[in-house]
$ cat run23.cif   # mmCIF, C-alpha atoms
data_run
loop_
_atom_site.label_atom_id
_atom_site.label_comp_id
_atom_site.auth_asym_id
_atom_site.auth_seq_id
_atom_site.Cartn_x
_atom_site.Cartn_y
_atom_site.Cartn_z
CA MET A 28 0.00 0.00 0.00
CA ARG A 29 1.18 3.50 -0.82
CA ILE A 30 0.92 5.68 2.31
CA VAL A 31 1.51 9.38 2.94
CA ILE A 32 2.32 10.33 6.54
CA LYS A 33 2.25 13.95 7.61
CA ILE A 34 4.04 14.83 10.84
CA GLY A 35 3.22 18.12 12.52
CA THR A 36 5.65 20.38 14.32
CA SER A 37 4.08 19.61 17.70
CA THR A 38 4.86 15.92 17.16
CA LEU A 39 8.49 16.54 16.28
CA ALA A 40 9.42 19.17 18.83
CA TYR A 41 8.78 20.35 22.34
CA PRO A 42 7.08 23.75 22.83
CA THR A 43 10.60 25.15 23.23
CA GLY A 44 11.28 24.28 19.60
CA GLN A 45 13.90 21.72 20.59
CA LEU A 46 13.64 18.25 19.05
CA ASN A 47 11.69 15.58 20.92
CA ILE A 48 14.45 13.03 20.41
CA ARG A 49 12.71 10.00 21.91
CA ARG A 50 9.56 10.49 19.85
CA VAL A 51 11.34 11.15 16.55
CA GLU A 52 13.53 8.08 17.02
CA ALA A 53 10.43 5.96 17.69
CA LEU A 54 8.65 7.42 14.64
CA CYS A 55 11.54 6.66 12.29
CA LYS A 56 11.91 3.13 13.71
CA THR A 57 8.18 2.42 13.26
CA MET A 58 8.06 3.90 9.75
CA SER A 59 11.13 1.87 8.77
CA ASP A 60 9.42 -1.29 9.98
CA ILE A 61 6.27 -0.45 8.00
CA ARG A 62 8.49 0.11 4.98
CA ASN A 63 10.13 -3.29 5.61
CA ALA A 64 6.66 -4.87 5.47
CA GLY A 65 6.43 -3.78 1.84
CA HIS A 66 4.48 -0.54 2.07
CA GLU A 67 5.63 2.54 0.14
CA LEU A 68 5.98 5.59 2.36
CA ILE A 69 6.05 9.30 1.64
CA LEU A 70 6.70 11.61 4.56
CA VAL A 71 5.40 15.19 4.60
CA SER A 72 7.23 16.82 7.46
CA SER A 73 6.56 20.11 9.15
CA GLY A 74 9.06 21.46 11.63
CA ALA A 75 11.65 23.43 9.66
CA ILE A 76 10.72 26.80 11.13
CA GLY A 77 10.08 25.32 14.57
CA MET A 78 13.45 23.58 14.65
CA GLY A 79 15.14 26.69 13.33
CA VAL A 80 13.63 28.64 16.22
CA GLY A 81 15.20 26.19 18.65
CA LYS A 82 18.54 26.07 16.82
CA LEU A 83 18.78 29.87 16.74
CA GLY A 84 17.76 30.20 20.37
CA LEU A 85 14.76 32.40 19.61
CA ARG A 86 12.23 32.83 22.40
CA SER A 87 9.17 32.28 20.20
CA ARG A 88 8.09 31.61 16.63
CA PRO A 89 8.94 34.73 14.60
CA GLN A 90 6.18 36.83 13.08
CA ASP A 91 8.09 38.63 10.33
CA ILE A 92 8.75 36.92 6.99
CA PRO A 93 12.57 37.37 6.83
CA THR A 94 13.09 35.77 10.26
CA LYS A 95 10.70 32.93 9.37
CA GLN A 96 12.70 32.31 6.22
CA ALA A 97 15.98 32.40 8.13
CA ALA A 98 14.60 29.96 10.71
CA ALA A 99 13.35 27.66 7.94
CA ALA A 100 16.75 27.67 6.23
CA VAL A 101 18.51 26.69 9.45
CA GLY A 102 15.85 24.25 10.60
CA GLN A 103 15.51 22.36 7.30
CA CYS A 104 19.18 21.38 7.43
CA GLU A 105 18.77 20.07 10.96
CA LEU A 106 15.55 18.26 10.11
CA MET A 107 16.98 16.38 7.13
CA TYR A 108 20.18 15.52 8.99
CA ILE A 109 18.10 13.85 11.69
CA TYR A 110 15.86 11.96 9.26
CA ASP A 111 18.83 10.77 7.21
CA LYS A 112 20.68 9.59 10.30
CA LEU A 113 17.72 7.75 11.85
CA PHE A 114 16.39 6.09 8.67
CA SER A 115 19.94 5.05 7.74
CA GLU A 116 20.16 3.09 10.98
CA TYR A 117 17.45 0.82 9.53
CA HIS A 118 19.00 0.73 6.04
CA HIS A 119 16.56 3.09 4.35
CA THR A 120 17.50 5.96 2.06
CA VAL A 121 15.67 9.27 2.23
CA ALA A 122 15.31 12.06 -0.31
CA GLN A 123 14.41 15.71 0.24
CA LEU A 124 11.87 17.51 -1.93
CA LEU A 125 11.20 21.18 -1.19
CA ILE A 126 8.29 22.46 -3.25
CA THR A 127 6.16 25.56 -3.74
CA ALA A 128 2.57 26.02 -4.84
CA ASP A 129 3.45 26.18 -8.53
CA ASN A 130 4.82 22.62 -8.35
CA LEU A 131 1.22 21.57 -7.79
CA THR A 132 -0.66 24.11 -9.92
CA SER A 133 1.53 24.20 -13.04
CA GLU A 134 0.77 21.17 -15.21
CA ILE A 135 4.36 20.74 -16.40
CA ARG A 136 5.92 21.19 -12.98
CA HIS A 137 3.31 18.96 -11.36
CA THR A 138 4.05 16.22 -13.89
CA ASN A 139 7.78 16.51 -13.21
CA PHE A 140 7.18 16.46 -9.45
CA THR A 141 4.96 13.38 -9.70
CA ASN A 142 7.42 11.57 -11.99
CA THR A 143 10.24 12.21 -9.53
CA LEU A 144 8.16 10.95 -6.61
CA ASN A 145 7.14 7.78 -8.43
CA ARG A 146 10.72 7.07 -9.47
CA LEU A 147 12.00 7.54 -5.92
CA LEU A 148 9.39 5.07 -4.66
CA GLU A 149 10.38 2.58 -7.36
CA LEU A 150 13.98 2.89 -6.15
CA GLY A 151 12.90 2.09 -2.58
CA VAL A 152 13.55 5.59 -1.28
CA VAL A 153 11.49 7.36 1.40
CA PRO A 154 10.74 10.86 0.00
CA ILE A 155 10.49 13.61 2.61
CA ILE A 156 8.55 16.64 1.44
CA ASN A 157 8.12 20.11 2.84
CA GLU A 158 7.13 23.49 1.51
CA ASN A 159 10.11 25.61 0.49
CA ASP A 160 9.52 28.16 3.23
CA THR A 161 12.82 29.92 2.60
CA VAL A 162 11.59 31.44 -0.67
CA ALA A 163 7.81 30.96 -0.87
CA THR A 164 6.42 33.72 1.32
CA GLU A 165 2.85 32.95 0.31
CA GLU A 166 3.19 29.42 1.68
CA ILE A 167 4.46 30.68 5.03
CA VAL A 168 1.50 33.01 5.41
CA ILE A 169 -1.35 30.82 4.14
CA GLY A 170 0.13 27.39 3.40
CA ASP A 171 -0.21 24.27 5.51
CA ASN A 172 1.21 20.78 5.30
CA ASP A 173 -2.15 19.05 5.86
CA THR A 174 -3.30 20.32 2.48
CA LEU A 175 0.12 19.64 0.96
CA ALA A 176 0.01 16.03 2.20
CA ALA A 177 -3.43 15.53 0.66
CA ARG A 178 -2.27 16.97 -2.65
CA VAL A 179 0.72 14.62 -2.59
CA ALA A 180 -1.59 11.68 -1.85
CA GLN A 181 -3.72 12.67 -4.84
CA SER A 182 -0.69 13.00 -7.10
CA VAL A 183 0.73 9.53 -6.44
CA GLY A 184 -2.50 7.58 -5.95
CA ALA A 185 -1.93 6.87 -2.27
CA LYS A 186 -4.48 4.67 -0.52
CA LEU A 187 -3.98 6.13 2.94
CA LEU A 188 -3.09 9.55 4.35
CA ILE A 189 -2.16 9.75 8.02
CA LEU A 190 -2.05 13.14 9.73
CA LEU A 191 -0.12 13.01 13.00
CA SER A 192 -0.78 15.96 15.28
CA ASP A 193 -1.20 16.85 18.97
CA ILE A 194 -4.84 15.77 19.11
CA ASP A 195 -6.39 12.29 19.09
CA GLY A 196 -8.77 13.06 16.23
CA LEU A 197 -12.00 14.91 15.51
CA TYR A 198 -14.16 15.54 18.58
CA THR A 199 -17.77 16.52 19.10
CA ALA A 200 -16.44 19.69 20.77
CA ASP A 201 -13.08 21.24 21.63
CA PRO A 202 -11.54 18.73 24.10
CA HIS A 203 -9.24 21.44 25.47
CA THR A 204 -12.19 23.41 26.82
CA ASP A 205 -15.10 20.94 26.98
CA PRO A 206 -14.59 17.87 29.22
CA SER A 207 -17.68 16.23 27.71
CA ALA A 208 -16.19 16.22 24.21
CA LYS A 209 -16.11 12.76 22.63
CA LEU A 210 -13.85 11.39 19.93
CA ILE A 211 -15.54 10.59 16.61
CA PRO A 212 -13.90 7.35 15.38
CA LEU A 213 -15.36 7.29 11.86
CA VAL A 214 -16.54 10.01 9.49
CA ARG A 215 -18.31 9.12 6.26
CA GLY A 216 -18.29 12.17 4.01
CA LEU A 217 -18.18 15.79 5.12
CA ASP A 218 -21.43 17.58 5.74
CA GLU A 219 -21.91 21.00 7.35
CA SER A 220 -22.31 19.50 10.83
CA ILE A 221 -18.83 17.97 10.60
CA LYS A 222 -17.26 21.12 9.20
CA LYS A 223 -18.62 23.15 12.10
CA LEU A 224 -16.60 21.00 14.50
CA ALA A 225 -13.32 22.36 13.14
CA GLY A 226 -11.32 24.51 15.55
CA VAL A 227 -7.98 26.27 15.47
CA SER A 228 -4.44 25.13 16.12
CA SER A 229 -3.76 24.35 19.77
CA THR A 230 -0.02 25.00 19.47
CA SER A 231 2.09 28.10 18.90
CA GLN A 232 4.66 26.02 17.00
CA GLY A 233 2.50 24.88 14.05
CA THR A 234 0.28 26.53 11.45
CA GLY A 235 -2.46 23.96 10.98
CA GLY A 236 -5.65 23.08 12.82
CA MET A 237 -8.76 20.99 12.34
CA VAL A 238 -9.92 23.28 9.52
CA THR A 239 -6.93 22.32 7.37
CA LYS A 240 -7.35 18.65 8.26
CA LEU A 241 -10.95 18.60 7.09
CA ARG A 242 -9.86 20.37 3.91
CA ALA A 243 -7.32 17.57 3.43
CA ALA A 244 -10.09 14.99 3.87
CA GLU A 245 -12.13 16.70 1.14
CA LEU A 246 -9.17 16.46 -1.21
CA CYS A 247 -8.77 12.76 -0.45
CA PHE A 248 -12.40 12.01 -1.22
CA GLY A 249 -12.84 11.18 -4.87
CA CYS A 250 -9.39 9.66 -5.37
CA GLY A 251 -9.84 6.46 -3.36
CA CYS A 252 -7.71 7.59 -0.42
CA GLU A 253 -8.78 7.21 3.20
CA MET A 254 -7.48 9.64 5.80
CA VAL A 255 -6.76 9.24 9.51
CA ILE A 256 -6.15 11.95 12.10
CA ALA A 257 -4.22 10.58 15.06
CA ASN A 258 -2.07 11.73 17.94
CA GLY A 259 1.62 11.59 17.13
CA ASN A 260 2.69 11.01 20.74
CA ASN A 261 2.38 7.23 20.25
CA PRO A 262 4.35 6.26 17.14
CA ALA A 263 3.45 2.56 17.54
CA SER A 264 -0.17 3.43 16.71
CA LEU A 265 0.93 3.67 13.08
CA TYR A 266 0.90 -0.15 12.96
CA ASP A 267 -2.77 -0.25 13.93
CA ILE A 268 -3.69 2.56 11.53
CA VAL A 269 -2.08 0.78 8.59
CA GLU A 270 -3.91 -2.43 9.56
CA GLY A 271 -7.25 -0.57 9.59
CA LYS A 272 -7.77 -0.77 13.33
CA PRO A 273 -9.68 2.03 15.11
CA VAL A 274 -7.21 4.75 16.00
CA GLY A 275 -8.06 8.44 16.03
CA THR A 276 -10.61 9.50 13.42
CA ARG A 277 -10.77 7.73 10.06
CA PHE A 278 -12.36 9.55 7.12
CA VAL A 279 -13.89 7.46 4.36
CA GLU A 280 -15.92 8.52 1.37
CA GLU A 281 -19.65 7.82 1.46
#
$ encode --input "run23.cif" --output "structure tokens"
Amino acid sequence: MRIVIKIGTSTLAYPTGQLNIRRVEALCKTMSDIRNAGHELILVSSGAIGMGVGKLGLRSRPQDIPTKQAAAAVGQCELMYIYDKLFSEYHHTVAQLLITADNLTSEIRHTNFTNTLNRLLELGVVPIINENDTVATEEIVIGDNDTLAARVAQSVGAKLLILLSDIDGLYTADPHTDPSAKLIPLVRGLDESIKKLAGVSSTSQGTGGMVTKLRAAELCFGCGCEMVIANGNNPASLYDIVEGKPVGTRFVEE
């Protein structure tokens, strides 16, 4: 099965911006094992700006574009170094693809991007994709990796998209403020009642939220791709998700 896994900044790093070493090591070990089982994996990784913030010793995520770009430039190097080191320990090769919106909207560039991805998968490589935040100011302001991951899943005909974040899934209400909120394990289609459940990002490190995750689900519908929102604090749950067991919230087309 061809699987796209999106990892949010809050899964990779502590609120300080420093890497959550234990969790990232467990994620790479689990993903390597899933790859060993014969599945093709594409990783869409947030975290460049967040890791750059930690590396540069900044007190908080910057608000101005030049500092965001500087943090992304520093953080992307650190991020890929870590992925390369950890995946190499399990004999897997990774590749970095930094893209901008025109790689998805321009027919020629999208074709080239898709061809490269497919060839990397044929060669047994684990592609790691992120927006090119160092040059694409529009993506920093309005872009999000949930949508990017869904577009990647569409492009390569993935059967499963997994969004790992700091929340267990879609709830009937905001679980941070409403103790009676209940997890919704399965969503069939997206009607207005589901869309109204979307909230905002619960972390200062990332840019996404439930709104972007539901938008990703919409993109997956129609191309035969299921989507799961799950908490990234338990990397071993990826095994159950791939096997179709109930973890987080699974979105399937009606």
$ resolve_selection --input "run23.cif" --expression "the PyMOL selection byres ((chain A and resi 132-142) around 12)" --output "VMD selection string"
chain A and resid 124 to 131 143 to 149 154 156 175 178 to 184
$ resolve_selection --input "run23.cif" --expression "the PyMOL selection byres ((chain A and resi 77-83) around 12)" --output "CSV table (one decimal) with C-alpha atoms, in the coordinates of the input"
chain,number,residue,atom,x,y,z
A,35,GLY,CA,3.2,18.1,12.5
A,36,THR,CA,5.6,20.4,14.3
A,37,SER,CA,4.1,19.6,17.7
A,38,THR,CA,4.9,15.9,17.2
A,39,LEU,CA,8.5,16.5,16.3
A,40,ALA,CA,9.4,19.2,18.8
A,41,TYR,CA,8.8,20.4,22.3
A,42,PRO,CA,7.1,23.8,22.8
A,43,THR,CA,10.6,25.2,23.2
A,44,GLY,CA,11.3,24.3,19.6
A,45,GLN,CA,13.9,21.7,20.6
A,46,LEU,CA,13.6,18.2,19.0
A,47,ASN,CA,11.7,15.6,20.9
A,72,SER,CA,7.2,16.8,7.5
A,73,SER,CA,6.6,20.1,9.2
A,74,GLY,CA,9.1,21.5,11.6
A,75,ALA,CA,11.6,23.4,9.7
A,76,ILE,CA,10.7,26.8,11.1
A,84,GLY,CA,17.8,30.2,20.4
A,85,LEU,CA,14.8,32.4,19.6
A,86,ARG,CA,12.2,32.8,22.4
A,87,SER,CA,9.2,32.3,20.2
A,88,ARG,CA,8.1,31.6,16.6
A,89,PRO,CA,8.9,34.7,14.6
A,90,GLN,CA,6.2,36.8,13.1
A,94,THR,CA,13.1,35.8,10.3
A,95,LYS,CA,10.7,32.9,9.4
A,96,GLN,CA,12.7,32.3,6.2
A,97,ALA,CA,16.0,32.4,8.1
A,98,ALA,CA,14.6,30.0,10.7
A,99,ALA,CA,13.4,27.7,7.9
A,100,ALA,CA,16.8,27.7,6.2
A,101,VAL,CA,18.5,26.7,9.4
A,102,GLY,CA,15.8,24.2,10.6
A,103,GLN,CA,15.5,22.4,7.3
A,104,CYS,CA,19.2,21.4,7.4
A,105,GLU,CA,18.8,20.1,11.0
A,106,LEU,CA,15.6,18.3,10.1
A,107,MET,CA,17.0,16.4,7.1
A,108,TYR,CA,20.2,15.5,9.0
A,109,ILE,CA,18.1,13.8,11.7
A,160,ASP,CA,9.5,28.2,3.2
A,161,THR,CA,12.8,29.9,2.6
A,230,THR,CA,0.0,25.0,19.5
A,231,SER,CA,2.1,28.1,18.9
A,232,GLN,CA,4.7,26.0,17.0
A,233,GLY,CA,2.5,24.9,14.0
A,234,THR,CA,0.3,26.5,11.4
$ residues_around --input "run23.cif" --residues "Met58 of chain A" --least-positions-apart "5" --cutoff "9 Å" --atoms "only C-alpha atoms" --output "PyMOL selection string"
chain A and resi 53+63+68+114+262+265-266
$ residues_around --input "run23.cif" --residues "Ala263 of chain A" --least-positions-apart "4" --cutoff "10 Å" --atoms "all atoms listed in the file" --output "short mmCIF file (atom, residue, chain, number, x, y, z; two decimals) with C-alpha atoms, in the frame of the given file"
data_model
loop_
_atom_site.label_atom_id
_atom_site.label_comp_id
_atom_site.auth_asym_id
_atom_site.auth_seq_id
_atom_site.Cartn_x
_atom_site.Cartn_y
_atom_site.Cartn_z
CA ALA A 53 10.43 5.96 17.69
CA LEU A 54 8.65 7.42 14.64
CA LYS A 56 11.91 3.13 13.71
CA THR A 57 8.18 2.42 13.26
CA MET A 58 8.06 3.90 9.75
CA GLY A 259 1.62 11.59 17.13
CA ASP A 267 -2.77 -0.25 13.93
CA ILE A 268 -3.69 2.56 11.53
#
$ atom_distance --input "run23.cif" --atom1 "atom CA of Phe248 of chain A" --atom2 "atom CA of Glu280 of chain A"
5.6 Å
$ resolve_selection --input "run23.cif" --expression "the PyMOL selection byres ((chain A and resi 271) around 12)" --output "PyMOL selection string"
chain A and resi 186-187+189+212-213+253-255+264-270+272-279
$ atom_distance --input "run23.cif" --atom1 "atom CA of Cys247 of chain A" --atom2 "atom CA of Ala185 of chain A"
9.2 Å
$ atom_distance --input "run23.cif" --atom1 "atom CA of Ser220 of chain A" --atom2 "atom CA of Thr199 of chain A"
9.9 Å
$ closest_residue --input "run23.cif" --among "A:Val238, A:Ala200, A:Leu246, A:Met28" --to "Asp171 of chain A" --atoms "all atoms listed in the file"
A:Val238
$ closest_residue --input "run23.cif" --among "A:Val71, A:Val152, A:Ile34, A:Asp195" --to "Ser59 of chain A" --atoms "all atoms listed in the file"
A:Val152
$ closest_residue --input "run23.cif" --among "A:Ala244, A:Ile61, A:Ala225, A:Val51" --to "Asn261 of chain A" --atoms "all atoms listed in the file"
A:Val51
$ closest_residue --input "run23.cif" --among "A:Cys252, A:Leu150, A:Leu190, A:Ile92" --to "Thr120 of chain A" --atoms "all atoms listed in the file"
A:Leu150
